[in-house]
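Participant: Quick one: structure below, then a few questions.
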2 protein chains.
Amino acid sequence: MSTDGFYSIIDYTVDSVDTQRELVDAFAEIQERWVRFYPGYRSARFHVSTDGTRVYNIVHWASEADYRNFVETSDTEGRMAAIRKALEGLSGEAEARMSGAPTYTVVREVGPGPQRLGS
Amino acid sequence: MSTDGFYSIIDYTVDSVDTQRELVDAFAEIQERWVRFYPGYRSARFHVSTDGTRVYNIVHWASEADYRNFVETSDTEGRMAAIRKALEGLSGEAEARMSGAPTYTVVREVGPGPQRLGS
């Protein structure tokens with residue numbers, strides 16, 4: 001996996017394993033209904049913490065231009081309403097942990113290799 | 001990219017683009033000196049927010065057993081000291097945003113596809 005592309009990262013704390021699973025199900029459906037058919041969409045990957053308290057959704061776009069095109073041409077109001085409804089439908093609590101712009105690039109990847117010894 | 005494997009996610013807010021770059025450089029070196037040569041290590045990927053306020057380091061292991069072996073057999077004290085030193089050496093501020101266990105699995109991936117229409 002290279003360092004190209006463009007990402008948005010959606011980041012929540014949740015109160016239980018059940019809420020974690022419900023959040024993933026709801027947000028996966030939002031990807032299918034509102035996002036995955038735009039040009040340059042590559043994937044949305046749902047990382048869940050082993051302790052049941054956190055969910056990261058990492059959405060990968062081919063380029064920043066593809067992401068910007070999605071933002072500018074998609075139904076942002078409808079999508080936001082779907083997200084609010086998804087959050088309200090959870091049986092437990094979920095709190096967004098995003099701060100600032102949720103858009104990212106990958107600037108470095110460290111692969112397997114020999115131990116680098118200190119100077 | 002499949003949903004297999006095991007992940008740790010290191011998550012910081014920072015005060016500037018400069019601190020963001022310094023944190024990536026320092027933590028990449030820590031991977032090279034303390035982590036990347038353990039069995040099952042696949043990669044560490046550094047995601048930086050476009051607004052200069054956040055850094056995610058996503059470390060990918062082949063399996064949970066490989067991650068546990070790393071934790072149990074590596075020099076945790078030395079690695080933690082290197083992380084503290086790296087944070088102290090930054091010219092700006094960095095604040096950890098991790099909560100609970102920083103270990104993750106990927107439970108779902110939504111690839112490109114047709115729009116799913118609502119029922």
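Simple scheme: letters A, B, ... for chains in structure tokens order, numbers from 1 for residues in each chain, numbers from 1 for ligands in the order shown.
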I'd like a table as a Markdown table: residues in chain B with an atom no more than 8 Å from chain A, each row giving the shortest atom pair and its distance in Å to one decimal, only C-alpha atoms counted, sorted by chain and rising residue number.

Facilitator:
| residue | atom | partner | partner_atom | distance |
| --- | --- | --- | --- | --- |
| B:Val24 | CA | A:Arg108 | CA | 7.7 |
| B:Ala28 | CA | A:Val110 | CA | 6.6 |
| B:Gln31 | CA | A:Val110 | CA | 7.1 |
| B:Glu32 | CA | A:Arg116 | CA | 5.4 |
| B:Arg33 | CA | A:Arg116 | CA | 4.7 |
| B:Trp34 | CA | A:Gln115 | CA | 7.0 |
| B:Val35 | CA | A:Gln115 | CA | 7.8 |
| B:Arg36 | CA | A:Pro112 | CA | 4.9 |
| B:Phe37 | CA | A:Pro114 | CA | 5.4 |
| B:Tyr41 | CA | A:Pro112 | CA | 6.1 |
| B:Arg42 | CA | A:Pro112 | CA | 5.9 |
| B:Ser43 | CA | A:Gly111 | CA | 4.5 |
| B:Ala44 | CA | A:Val110 | CA | 5.1 |
| B:Arg45 | CA | A:Glu109 | CA | 4.5 |
| B:Phe46 | CA | A:Arg108 | CA | 5.3 |
| B:His47 | CA | A:Val106 | CA | 4.4 |
| B:Val48 | CA | A:Tyr104 | CA | 5.3 |
| B:Ser49 | CA | A:Tyr104 | CA | 4.2 |
| B:Thr50 | CA | A:Tyr104 | CA | 5.4 |
| B:Asp51 | CA | A:Ala101 | CA | 6.0 |
| B:Thr53 | CA | A:Gly100 | CA | 6.9 |
| B:Arg54 | CA | A:Ser99 | CA | 7.9 |
| B:Ser99 | CA | A:Arg54 | CA | 7.9 |
| B:Gly100 | CA | A:Thr53 | CA | 6.9 |
| B:Ala101 | CA | A:Asp51 | CA | 6.0 |
| B:Pro102 | CA | A:Ser49 | CA | 6.7 |
| B:Thr103 | CA | A:Ser49 | CA | 5.5 |
| B:Tyr104 | CA | A:Ser49 | CA | 4.2 |
| B:Thr105 | CA | A:His47 | CA | 5.5 |
| B:Val106 | CA | A:His47 | CA | 4.4 |
| B:Val107 | CA | A:Phe46 | CA | 5.9 |
| B:Arg108 | CA | A:Phe46 | CA | 5.3 |
| B:Glu109 | CA | A:Arg45 | CA | 4.5 |
| B:Val110 | CA | A:Ala44 | CA | 5.1 |
| B:Gly111 | CA | A:Ser43 | CA | 4.5 |
| B:Pro112 | CA | A:Arg36 | CA | 4.9 |
| B:Gly113 | CA | A:Phe37 | CA | 5.5 |
| B:Pro114 | CA | A:Phe37 | CA | 5.4 |
| B:Gln115 | CA | A:Arg33 | CA | 5.2 |
| B:Arg116 | CA | A:Arg33 | CA | 4.6 |
| B:Leu117 | CA | A:Arg33 | CA | 6.0 |
| B:Gly118 | CA | A:Arg33 | CA | 7.3 |

Participant: Please return the superposed copy of chain B as a compact mmCIF listing (two decimals) with N, CA, C and O atoms, in the first residue's frame; the fit should be least squares onto chain A across all sequentially paired Cα atoms.

Facilitator:
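And here is the file that came out, superposed.txt:
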# COMPACT_ATOMS: atom_id res chain seq x y z
N MET B 1 0.94 -1.17 -0.08
CA MET B 1 0.08 0.02 -0.07
C MET B 1 0.97 1.26 -0.04
O MET B 1 1.85 1.40 0.79
N SER B 2 0.76 2.13 -0.96
CA SER B 2 1.62 3.30 -1.08
C SER B 2 1.09 4.44 -0.23
O SER B 2 0.09 4.32 0.46
N THR B 3 1.80 5.56 -0.29
CA THR B 3 1.38 6.72 0.50
C THR B 3 0.54 7.69 -0.33
O THR B 3 0.33 8.82 0.07
N ASP B 4 0.10 7.26 -1.50
CA ASP B 4 -0.72 8.19 -2.29
C ASP B 4 -2.16 8.17 -1.81
O ASP B 4 -2.54 7.46 -0.89
N GLY B 5 -2.96 8.97 -2.46
CA GLY B 5 -4.37 9.02 -2.12
C GLY B 5 -4.68 10.08 -1.08
O GLY B 5 -3.81 10.85 -0.67
N PHE B 6 -5.93 10.09 -0.69
CA PHE B 6 -6.45 11.12 0.20
C PHE B 6 -7.45 10.42 1.12
O PHE B 6 -8.14 9.49 0.70
N TYR B 7 -7.53 10.88 2.35
CA TYR B 7 -8.30 10.15 3.36
C TYR B 7 -9.20 11.08 4.15
O TYR B 7 -8.82 12.23 4.43
N SER B 8 -10.36 10.58 4.56
CA SER B 8 -11.05 11.22 5.67
C SER B 8 -11.14 10.18 6.79
O SER B 8 -11.28 8.99 6.53
N ILE B 9 -11.00 10.66 8.02
CA ILE B 9 -11.01 9.76 9.17
C ILE B 9 -12.10 10.20 10.13
O ILE B 9 -12.11 11.33 10.59
N ILE B 10 -13.05 9.28 10.37
CA ILE B 10 -14.16 9.52 11.26
C ILE B 10 -13.90 8.70 12.53
O ILE B 10 -13.61 7.51 12.45
N ASP B 11 -14.01 9.35 13.67
CA ASP B 11 -13.42 8.83 14.90
C ASP B 11 -14.42 9.04 16.05
O ASP B 11 -14.77 10.16 16.37
N TYR B 12 -14.88 7.93 16.63
CA TYR B 12 -15.86 8.01 17.71
C TYR B 12 -15.42 7.18 18.93
O TYR B 12 -14.80 6.14 18.77
N THR B 13 -15.77 7.67 20.12
CA THR B 13 -15.76 6.81 21.29
C THR B 13 -17.19 6.32 21.52
O THR B 13 -18.16 7.04 21.27
N VAL B 14 -17.31 5.09 22.00
CA VAL B 14 -18.62 4.50 22.27
C VAL B 14 -18.61 3.82 23.63
O VAL B 14 -17.54 3.60 24.22
N ASP B 15 -19.80 3.50 24.12
CA ASP B 15 -19.90 3.02 25.50
C ASP B 15 -19.91 1.50 25.65
O ASP B 15 -19.94 1.00 26.77
N SER B 16 -19.92 0.77 24.54
CA SER B 16 -19.99 -0.69 24.67
C SER B 16 -19.70 -1.36 23.34
O SER B 16 -19.71 -0.72 22.28
N VAL B 17 -19.46 -2.66 23.41
CA VAL B 17 -19.26 -3.46 22.20
C VAL B 17 -20.52 -3.44 21.33
O VAL B 17 -20.44 -3.41 20.10
N ASP B 18 -21.69 -3.43 21.96
CA ASP B 18 -22.94 -3.39 21.19
C ASP B 18 -23.05 -2.09 20.39
O ASP B 18 -23.40 -2.10 19.21
N THR B 19 -22.77 -0.97 21.05
CA THR B 19 -22.83 0.32 20.35
C THR B 19 -21.79 0.37 19.25
O THR B 19 -22.04 0.90 18.15
N GLN B 20 -20.63 -0.19 19.51
CA GLN B 20 -19.56 -0.25 18.52
C GLN B 20 -20.06 -0.96 17.25
O GLN B 20 -19.90 -0.45 16.14
N ARG B 21 -20.70 -2.10 17.45
CA ARG B 21 -21.20 -2.88 16.31
C ARG B 21 -22.32 -2.13 15.59
O ARG B 21 -22.37 -2.09 14.35
N GLU B 22 -23.21 -1.53 16.35
CA GLU B 22 -24.31 -0.76 15.73
C GLU B 22 -23.78 0.42 14.92
O GLU B 22 -24.29 0.72 13.84
N LEU B 23 -22.78 1.10 15.47
CA LEU B 23 -22.20 2.25 14.75
C LEU B 23 -21.57 1.81 13.44
O LEU B 23 -21.76 2.45 12.39
N VAL B 24 -20.84 0.71 13.47
CA VAL B 24 -20.22 0.20 12.23
C VAL B 24 -21.31 -0.16 11.21
O VAL B 24 -21.22 0.23 10.04
N ASP B 25 -22.35 -0.85 11.65
CA ASP B 25 -23.43 -1.23 10.72
C ASP B 25 -24.07 0.01 10.10
O ASP B 25 -24.30 0.07 8.89
N ALA B 26 -24.36 1.00 10.94
CA ALA B 26 -25.06 2.20 10.46
C ALA B 26 -24.17 3.01 9.51
O ALA B 26 -24.63 3.47 8.46
N PHE B 27 -22.90 3.15 9.88
CA PHE B 27 -22.01 3.96 9.04
C PHE B 27 -21.62 3.21 7.76
O PHE B 27 -21.38 3.85 6.73
N ALA B 28 -21.57 1.90 7.79
CA ALA B 28 -21.32 1.14 6.55
C ALA B 28 -22.49 1.35 5.59
O ALA B 28 -22.30 1.54 4.38
N GLU B 29 -23.70 1.36 6.12
CA GLU B 29 -24.87 1.60 5.26
C GLU B 29 -24.82 3.01 4.67
O GLU B 29 -25.19 3.22 3.51
N ILE B 30 -24.36 3.97 5.46
CA ILE B 30 -24.24 5.34 4.94
C ILE B 30 -23.24 5.41 3.79
O ILE B 30 -23.47 6.08 2.78
N GLN B 31 -22.13 4.67 3.90
CA GLN B 31 -21.20 4.61 2.78
C GLN B 31 -21.89 4.08 1.53
O GLN B 31 -21.69 4.60 0.43
N GLU B 32 -22.69 3.03 1.71
CA GLU B 32 -23.32 2.39 0.56
C GLU B 32 -24.39 3.29 -0.08
O GLU B 32 -24.57 3.27 -1.29
N ARG B 33 -25.08 4.06 0.75
CA ARG B 33 -26.18 4.87 0.24
C ARG B 33 -25.76 6.25 -0.22
O ARG B 33 -26.44 6.88 -1.03
N TRP B 34 -24.65 6.75 0.32
CA TRP B 34 -24.32 8.16 0.09
C TRP B 34 -22.93 8.40 -0.47
O TRP B 34 -22.63 9.51 -0.92
N VAL B 35 -22.03 7.44 -0.47
CA VAL B 35 -20.63 7.76 -0.75
C VAL B 35 -19.96 6.85 -1.79
O VAL B 35 -19.28 7.35 -2.69
N ARG B 36 -20.14 5.55 -1.72
CA ARG B 36 -19.23 4.63 -2.41
C ARG B 36 -19.30 4.66 -3.93
O ARG B 36 -18.48 4.02 -4.59
N PHE B 37 -20.29 5.35 -4.50
CA PHE B 37 -20.46 5.36 -5.95
C PHE B 37 -19.86 6.61 -6.61
O PHE B 37 -19.97 6.78 -7.82
N TYR B 38 -19.21 7.46 -5.82
CA TYR B 38 -18.57 8.65 -6.39
C TYR B 38 -17.21 8.29 -6.99
O TYR B 38 -16.53 7.41 -6.47
N PRO B 39 -16.83 8.99 -8.09
CA PRO B 39 -15.54 8.69 -8.74
C PRO B 39 -14.37 8.83 -7.75
O PRO B 39 -14.32 9.81 -7.00
N GLY B 40 -13.47 7.89 -7.79
CA GLY B 40 -12.27 7.96 -6.96
C GLY B 40 -12.43 7.36 -5.58
O GLY B 40 -11.47 7.28 -4.82
N TYR B 41 -13.65 6.94 -5.23
CA TYR B 41 -13.85 6.26 -3.94
C TYR B 41 -13.12 4.92 -3.99
O TYR B 41 -13.31 4.15 -4.92
N ARG B 42 -12.31 4.65 -2.97
CA ARG B 42 -11.59 3.36 -2.95
C ARG B 42 -12.13 2.42 -1.88
O ARG B 42 -12.35 1.25 -2.14
N SER B 43 -12.30 2.92 -0.66
CA SER B 43 -12.80 2.03 0.40
C SER B 43 -13.11 2.83 1.65
O SER B 43 -12.62 3.94 1.83
N ALA B 44 -13.93 2.22 2.48
CA ALA B 44 -14.11 2.69 3.86
C ALA B 44 -13.80 1.48 4.73
O ALA B 44 -14.36 0.40 4.54
N ARG B 45 -12.88 1.66 5.68
CA ARG B 45 -12.46 0.55 6.54
C ARG B 45 -12.79 0.90 7.98
O ARG B 45 -12.42 1.96 8.48
N PHE B 46 -13.45 -0.01 8.65
CA PHE B 46 -13.91 0.21 10.02
C PHE B 46 -13.01 -0.53 11.00
O PHE B 46 -13.00 -1.75 11.05
N HIS B 47 -12.26 0.27 11.77
CA HIS B 47 -11.38 -0.26 12.82
C HIS B 47 -12.11 -0.17 14.15
O HIS B 47 -12.49 0.94 14.55
N VAL B 48 -12.26 -1.28 14.84
CA VAL B 48 -12.90 -1.25 16.17
C VAL B 48 -11.87 -1.66 17.22
O VAL B 48 -11.10 -2.61 17.04
N SER B 49 -11.87 -0.94 18.34
CA SER B 49 -10.90 -1.26 19.38
C SER B 49 -11.31 -2.55 20.08
O SER B 49 -12.49 -2.86 20.23
N THR B 50 -10.28 -3.29 20.51
CA THR B 50 -10.53 -4.59 21.13
C THR B 50 -11.23 -4.45 22.48
O THR B 50 -11.81 -5.43 22.97
N ASP B 51 -11.21 -3.26 23.07
CA ASP B 51 -11.89 -3.06 24.35
C ASP B 51 -13.32 -2.53 24.20
O ASP B 51 -13.99 -2.24 25.20
N GLY B 52 -13.78 -2.40 22.94
CA GLY B 52 -15.18 -2.02 22.72
C GLY B 52 -15.49 -0.55 22.92
O GLY B 52 -16.67 -0.17 22.99
N THR B 53 -14.46 0.32 22.97
CA THR B 53 -14.73 1.73 23.29
C THR B 53 -14.52 2.70 22.13
O THR B 53 -14.76 3.89 22.30
N ARG B 54 -14.08 2.21 20.98
CA ARG B 54 -13.72 3.19 19.95
C ARG B 54 -13.93 2.61 18.55
O ARG B 54 -13.75 1.41 18.35
N VAL B 55 -14.26 3.51 17.62
CA VAL B 55 -14.43 3.15 16.22
C VAL B 55 -13.75 4.20 15.35
O VAL B 55 -13.99 5.40 15.53
N TYR B 56 -12.90 3.75 14.43
CA TYR B 56 -12.36 4.63 13.40
C TYR B 56 -12.89 4.15 12.05
O TYR B 56 -12.78 2.96 11.73
N ASN B 57 -13.40 5.07 11.26
CA ASN B 57 -13.73 4.77 9.88
C ASN B 57 -12.78 5.56 8.99
O ASN B 57 -12.79 6.79 8.99
N ILE B 58 -11.94 4.83 8.26
CA ILE B 58 -10.95 5.48 7.40
C ILE B 58 -11.42 5.34 5.96
O ILE B 58 -11.48 4.23 5.42
N VAL B 59 -11.77 6.47 5.35
CA VAL B 59 -12.29 6.49 3.99
C VAL B 59 -11.18 6.93 3.05
O VAL B 59 -10.57 7.98 3.25
N HIS B 60 -10.92 6.10 2.07
CA HIS B 60 -9.79 6.30 1.17
C HIS B 60 -10.30 6.74 -0.21
O HIS B 60 -11.15 6.08 -0.80
N TRP B 61 -9.76 7.85 -0.70
CA TRP B 61 -10.06 8.38 -2.03
C TRP B 61 -8.80 8.32 -2.88
O TRP B 61 -7.69 8.40 -2.36
N ALA B 62 -8.99 8.21 -4.19
CA ALA B 62 -7.82 8.14 -5.08
C ALA B 62 -7.01 9.43 -5.03
O ALA B 62 -5.79 9.41 -5.15
N SER B 63 -7.70 10.55 -4.86
CA SER B 63 -6.99 11.84 -4.86
C SER B 63 -7.81 12.86 -4.08
O SER B 63 -9.00 12.69 -3.85
N GLU B 64 -7.15 13.96 -3.72
CA GLU B 64 -7.86 15.05 -3.08
C GLU B 64 -8.93 15.62 -4.01
O GLU B 64 -10.02 15.98 -3.56
N ALA B 65 -8.63 15.67 -5.32
CA ALA B 65 -9.61 16.20 -6.28
C ALA B 65 -10.88 15.35 -6.26
O ALA B 65 -12.00 15.88 -6.33
N ASP B 66 -10.73 14.03 -6.15
CA ASP B 66 -11.92 13.16 -6.09
C ASP B 66 -12.71 13.42 -4.81
O ASP B 66 -13.94 13.46 -4.84
N TYR B 67 -12.02 13.59 -3.71
CA TYR B 67 -12.71 13.90 -2.45
C TYR B 67 -13.45 15.23 -2.56
O TYR B 67 -14.62 15.34 -2.18
N ARG B 68 -12.77 16.26 -3.10
CA ARG B 68 -13.40 17.58 -3.23
C ARG B 68 -14.61 17.52 -4.15
O ARG B 68 -15.63 18.16 -3.89
N ASN B 69 -14.49 16.75 -5.22
CA ASN B 69 -15.63 16.59 -6.14
C ASN B 69 -16.82 15.95 -5.41
O ASN B 69 -17.97 16.39 -5.57
N PHE B 70 -16.54 14.94 -4.59
CA PHE B 70 -17.60 14.31 -3.79
C PHE B 70 -18.25 15.34 -2.87
O PHE B 70 -19.48 15.45 -2.81
N VAL B 71 -17.44 16.12 -2.17
CA VAL B 71 -17.99 17.10 -1.23
C VAL B 71 -18.85 18.14 -1.95
O VAL B 71 -19.93 18.51 -1.49
N GLU B 72 -18.37 18.55 -3.13
CA GLU B 72 -19.06 19.64 -3.84
C GLU B 72 -20.30 19.19 -4.59
O GLU B 72 -21.23 19.99 -4.77
N THR B 73 -20.34 17.94 -5.04
CA THR B 73 -21.46 17.51 -5.88
C THR B 73 -22.44 16.60 -5.16
O THR B 73 -23.51 16.31 -5.70
N SER B 74 -22.10 16.12 -3.98
CA SER B 74 -23.00 15.18 -3.30
C SER B 74 -24.01 15.94 -2.44
O SER B 74 -23.89 17.14 -2.21
N ASP B 75 -24.99 15.20 -1.97
CA ASP B 75 -26.07 15.77 -1.15
C ASP B 75 -25.61 15.79 0.32
O ASP B 75 -25.93 14.91 1.09
N THR B 76 -24.83 16.83 0.64
CA THR B 76 -24.26 16.89 1.99
C THR B 76 -25.34 16.96 3.06
O THR B 76 -25.25 16.30 4.11
N GLU B 77 -26.39 17.73 2.77
CA GLU B 77 -27.46 17.88 3.75
C GLU B 77 -28.15 16.53 4.03
O GLU B 77 -28.39 16.17 5.19
N GLY B 78 -28.42 15.80 2.96
CA GLY B 78 -29.05 14.48 3.13
C GLY B 78 -28.14 13.52 3.88
O GLY B 78 -28.58 12.77 4.76
N ARG B 79 -26.85 13.57 3.55
CA ARG B 79 -25.90 12.67 4.22
C ARG B 79 -25.78 13.02 5.70
O ARG B 79 -25.77 12.13 6.55
N MET B 80 -25.71 14.32 6.01
CA MET B 80 -25.61 14.73 7.41
C MET B 80 -26.86 14.31 8.19
O MET B 80 -26.76 13.88 9.35
N ALA B 81 -28.01 14.44 7.55
CA ALA B 81 -29.25 14.02 8.21
C ALA B 81 -29.22 12.50 8.47
O ALA B 81 -29.66 12.04 9.54
N ALA B 82 -28.68 11.74 7.52
CA ALA B 82 -28.59 10.28 7.70
C ALA B 82 -27.63 9.94 8.84
O ALA B 82 -27.88 9.01 9.61
N ILE B 83 -26.56 10.70 8.96
CA ILE B 83 -25.61 10.47 10.06
C ILE B 83 -26.27 10.79 11.41
O ILE B 83 -26.16 10.01 12.36
N ARG B 84 -26.97 11.92 11.46
CA ARG B 84 -27.67 12.27 12.72
C ARG B 84 -28.67 11.19 13.10
O ARG B 84 -28.74 10.77 14.25
N LYS B 85 -29.41 10.70 12.10
CA LYS B 85 -30.41 9.66 12.35
C LYS B 85 -29.73 8.37 12.83
O LYS B 85 -30.22 7.69 13.74
N ALA B 86 -28.61 8.05 12.20
CA ALA B 86 -27.87 6.84 12.61
C ALA B 86 -27.42 6.95 14.06
O ALA B 86 -27.55 6.00 14.85
N LEU B 87 -26.91 8.12 14.44
CA LEU B 87 -26.43 8.30 15.81
C LEU B 87 -27.60 8.25 16.80
O LEU B 87 -27.48 7.66 17.88
N GLU B 88 -28.71 8.84 16.43
CA GLU B 88 -29.89 8.83 17.31
C GLU B 88 -30.45 7.42 17.48
O GLU B 88 -31.07 7.11 18.49
N GLY B 89 -30.24 6.58 16.45
CA GLY B 89 -30.78 5.22 16.50
C GLY B 89 -29.96 4.24 17.31
O GLY B 89 -30.37 3.09 17.51
N LEU B 90 -28.79 4.66 17.78
CA LEU B 90 -27.95 3.75 18.56
C LEU B 90 -28.59 3.47 19.92
O LEU B 90 -29.21 4.36 20.52
N SER B 91 -28.40 2.26 20.42
CA SER B 91 -28.95 1.95 21.75
C SER B 91 -28.08 2.54 22.86
O SER B 91 -28.55 2.70 23.99
N GLY B 92 -26.83 2.88 22.55
CA GLY B 92 -25.95 3.47 23.56
C GLY B 92 -25.43 4.82 23.12
O GLY B 92 -26.00 5.46 22.24
N GLU B 93 -24.33 5.24 23.74
CA GLU B 93 -23.77 6.57 23.49
C GLU B 93 -22.58 6.49 22.54
O GLU B 93 -21.76 5.57 22.63
N ALA B 94 -22.48 7.48 21.66
CA ALA B 94 -21.31 7.64 20.79
C ALA B 94 -20.94 9.11 20.75
O ALA B 94 -21.82 9.96 20.65
N GLU B 95 -19.65 9.37 20.85
CA GLU B 95 -19.19 10.76 20.88
C GLU B 95 -18.09 10.95 19.84
O GLU B 95 -17.10 10.21 19.83
N ALA B 96 -18.28 11.94 18.97
CA ALA B 96 -17.27 12.22 17.95
C ALA B 96 -15.98 12.70 18.60
O ALA B 96 -16.01 13.48 19.55
N ARG B 97 -14.86 12.22 18.09
CA ARG B 97 -13.54 12.62 18.60
C ARG B 97 -12.75 13.38 17.53
O ARG B 97 -11.57 13.62 17.72
N MET B 98 -13.41 13.71 16.43
CA MET B 98 -12.71 14.46 15.39
C MET B 98 -12.39 15.86 15.92
O MET B 98 -13.11 16.41 16.76
N SER B 99 -11.29 16.42 15.42
CA SER B 99 -10.92 17.80 15.76
C SER B 99 -10.37 18.42 14.49
O SER B 99 -9.57 17.83 13.80
N GLY B 100 -10.81 19.60 14.16
CA GLY B 100 -10.32 20.24 12.94
C GLY B 100 -10.81 19.53 11.70
O GLY B 100 -11.78 18.78 11.73
N ALA B 101 -10.13 19.79 10.59
CA ALA B 101 -10.52 19.19 9.32
C ALA B 101 -10.25 17.69 9.36
O ALA B 101 -9.16 17.28 9.73
N PRO B 102 -11.23 16.85 8.98
CA PRO B 102 -11.04 15.40 9.07
C PRO B 102 -10.36 14.81 7.84
O PRO B 102 -10.57 13.64 7.53
N THR B 103 -9.58 15.61 7.13
CA THR B 103 -8.95 15.14 5.89
C THR B 103 -7.44 14.97 6.08
O THR B 103 -6.79 15.77 6.73
N TYR B 104 -6.93 13.90 5.45
CA TYR B 104 -5.58 13.44 5.74
C TYR B 104 -4.84 13.01 4.48
O TYR B 104 -5.46 12.54 3.53
N THR B 105 -3.54 13.14 4.54
CA THR B 105 -2.69 12.45 3.58
C THR B 105 -1.77 11.52 4.37
O THR B 105 -1.56 11.71 5.57
N VAL B 106 -1.23 10.52 3.69
CA VAL B 106 -0.24 9.64 4.31
C VAL B 106 1.13 10.13 3.86
O VAL B 106 1.44 10.12 2.67
N VAL B 107 1.93 10.59 4.82
CA VAL B 107 3.21 11.20 4.47
C VAL B 107 4.38 10.25 4.62
O VAL B 107 5.48 10.53 4.13
N ARG B 108 4.18 9.13 5.32
CA ARG B 108 5.31 8.24 5.55
C ARG B 108 4.78 6.84 5.81
O ARG B 108 3.74 6.69 6.47
N GLU B 109 5.48 5.85 5.29
CA GLU B 109 5.19 4.46 5.65
C GLU B 109 6.51 3.79 5.99
O GLU B 109 7.48 3.89 5.22
N VAL B 110 6.56 3.15 7.14
CA VAL B 110 7.75 2.41 7.56
C VAL B 110 7.43 0.92 7.44
O VAL B 110 6.58 0.40 8.15
N GLY B 111 8.10 0.25 6.50
CA GLY B 111 7.89 -1.17 6.30
C GLY B 111 8.81 -1.99 7.18
O GLY B 111 9.62 -1.44 7.94
N PRO B 112 8.68 -3.32 7.09
CA PRO B 112 9.57 -4.19 7.85
C PRO B 112 11.02 -3.98 7.41
O PRO B 112 11.27 -3.64 6.26
N GLY B 113 11.95 -4.22 8.32
CA GLY B 113 13.36 -4.06 7.97
C GLY B 113 14.21 -4.31 9.18
O GLY B 113 13.69 -4.59 10.27
N PRO B 114 15.52 -4.19 9.01
CA PRO B 114 16.43 -4.42 10.13
C PRO B 114 16.31 -3.32 11.18
O PRO B 114 15.85 -2.22 10.87
N GLN B 115 16.71 -3.65 12.38
CA GLN B 115 16.71 -2.65 13.44
C GLN B 115 17.70 -1.54 13.08
O GLN B 115 18.85 -1.81 12.73
N ARG B 116 17.23 -0.31 13.18
CA ARG B 116 18.14 0.81 13.01
C ARG B 116 18.77 1.11 14.35
O ARG B 116 18.06 1.34 15.35
N LEU B 117 20.09 1.09 14.39
CA LEU B 117 20.77 1.29 15.66
C LEU B 117 21.04 2.75 15.90
O LEU B 117 21.22 3.52 14.95
N GLY B 118 21.02 3.13 17.15
CA GLY B 118 21.19 4.54 17.50
C GLY B 118 22.61 5.03 17.23
O GLY B 118 23.55 4.24 17.18
N SER B 119 22.73 6.31 17.06
CA SER B 119 24.06 6.90 16.84
C SER B 119 24.66 7.26 18.18
O SER B 119 24.00 7.28 19.20

Participant: Report the residues of chain B whose backbone DSSP state falls under strand (DSSP E or B), written as JSON, numbers by chain.

Facilitator: {"B": [6, 7, 8, 9, 10, 11, 12, 13, 14, 41, 42, 43, 44, 45, 46, 47, 48, 49, 54, 55, 56, 57, 58, 59, 60, 61, 94, 95, 96, 103, 104, 105, 106, 107, 108, 109, 110]}

Participant: Run DSSP on the backbone and grab whatever in segment 34-85 of chain A lands in alpha helix (DSSP H); send it over as a PyMOL selection string.

Facilitator: chain A and resi 64-73+76-85
